[in-house]
Amino acid sequence: MAAGVDVQAEDEYTVTMVLEEPNSAFLDYLASPYGPRMISPEVIEEHDEDNAEGYIAENSAGTGPYTLAEASVGDGYTLEAFEDYWDEDLADPEFHTIDLPVYTEISAMQLELEQGDLHALLQGVPSSSRGDYTDDEALSAFALPSYQLSNFLMNPNQEILSDPEARVALFEGIDWNQYTEDILGDSAVPATGDFRRAPSLITRTGSSRTAPRPWLSGPRRTRGGDRHRAQLRLHRLRADGEPGRRRAAGYGPECHGHLSPVLRDLRGLLRGRDRVPDAFVYSGTWPDSNNPYMHGHVFWGESGGLNHLQCSNEEIDELLDEALVTDDAEIFNEAGEAAYEYGCAPTFAWVSDFMVFQPWISGVEEAHSIAAPATVDFARLSIDE
């Protein structure tokens, strides 16, 4: 997370962290949904042989409003409300049970959603279906603010794209605005600049190049039932190489049949393989937070986790490292300009989080996580009566 952090326990509920040098992204590291998490120390001590990783894979040991009641890897998961949750406002949610069945095909999820057997579809909705869901009065569709984006990754290790000018020429030779309109539809807008501004503060008007705003379609319907025993059935896509997983990662059916080996071998270039593409479109990806360093490093940095084709140079890394310490916006902008001119992974669209719910479920906008796509706080959902 950050080198040289001295953690001092002040009391039972307070710690002080002292850094060796300024780090403008440190608070974002802590706040990121992919950052550190609070875990029961008793569980760590009882399963210290692997830091409780094996235990946590099938059990809950965190601090959330739900406990993991059942885990069947590959089949499904069940959550139960935690009655002793510290936040009294969320300790007694309307949905006490959350079922997360595992699917391998988006078509099966869509069928159950449309029949009413599945209560929400949080991710993987094909772009070809989004307009239909928007117009469907029997369902409620949402395009919610997120940090997601679409970028174009180019492989500098292939001769045809070894020169930065060639990569930039290829990117600028494609009509990305038209691609965004035709392929991504209403859930995305053309990108401007190298870093995204906070989506919640930007509105979309006409054809201007701004980030999307949340919108809602479909009427609300009422549904009775005991609020203390209400059960919500959502979906979970398989985390292996099945088609549902690939679509969840942002690669829809428009990416054709050679996609599977591409995804398996993104890092194959480092192992001497020749199956990595010259370039590919990343239709829906995101940094760990909206911090400019975390955005720049993960896509452009030599060790960036989403720099799949290993395209980077020293200038970009040095500028990002300097800006991390100084928090200088101008230096961040210089890093962004250098990354664009080097032509590794330019961004062409800001993408919203498209979800579909049964119309009797309310509170979706408030429950949605802007930083973690396909994520809602179940305890904040309610039944529209």
# chains A, B, ... in the order shown; residues from 1 in each chain; ligands from 1
$ residues_around --residues "range 78-84 of chain A" --least-positions-apart "4" --cutoff "9 Å" --atoms "only C-alpha atoms" --output "list in words"
Gly64, Pro65, Tyr66, Thr67, Leu68, Ala69, Glu70, Ala71, Ser72, Glu88, Ala91, Asp92, Pro93, Phe95, His96, Thr97, Ile98, Asp99, Leu100, Pro101 and Ala379 of chain A
$ closest_residue --among "A:Pro164, A:Gly185, A:Pro287, A:Gly4" --to "Ser127 in chain A" --atoms "only C-alpha atoms"
A:Gly185
$ select_by_dssp --residues "range 94-123 of chain A" --states "helix (DSSP H, G or I)" --output "MDAnalysis selection string"
chainID A and resid 106:115
$ write_last_selection --atoms "C-alpha atoms" --output "compact mmCIF listing (two decimals), in the first residue's frame"
# COMPACT_ATOMS: atom_id res chain seq x y z
CA ILE A 106 -25.90 -13.95 -19.16
CA SER A 107 -28.86 -15.24 -21.18
CA ALA A 108 -29.93 -17.48 -18.29
CA MET A 109 -29.77 -14.54 -15.89
CA GLN A 110 -31.79 -12.36 -18.22
CA LEU A 111 -34.48 -15.01 -18.61
CA GLU A 112 -34.89 -15.41 -14.85
CA LEU A 113 -34.87 -11.64 -14.37
CA GLU A 114 -37.62 -11.16 -16.94
CA GLN A 115 -39.67 -13.97 -15.39
$ residues_around --residues "Ser382 in chain A" --least-positions-apart "5" --cutoff "10 Å" --atoms "only C-alpha atoms" --output "list in words"
Pro93, Glu94, Phe95, Arg227, Ala230, Trp360, Ile361, Ser362, Gly363, Val364 and Ala367 of chain A
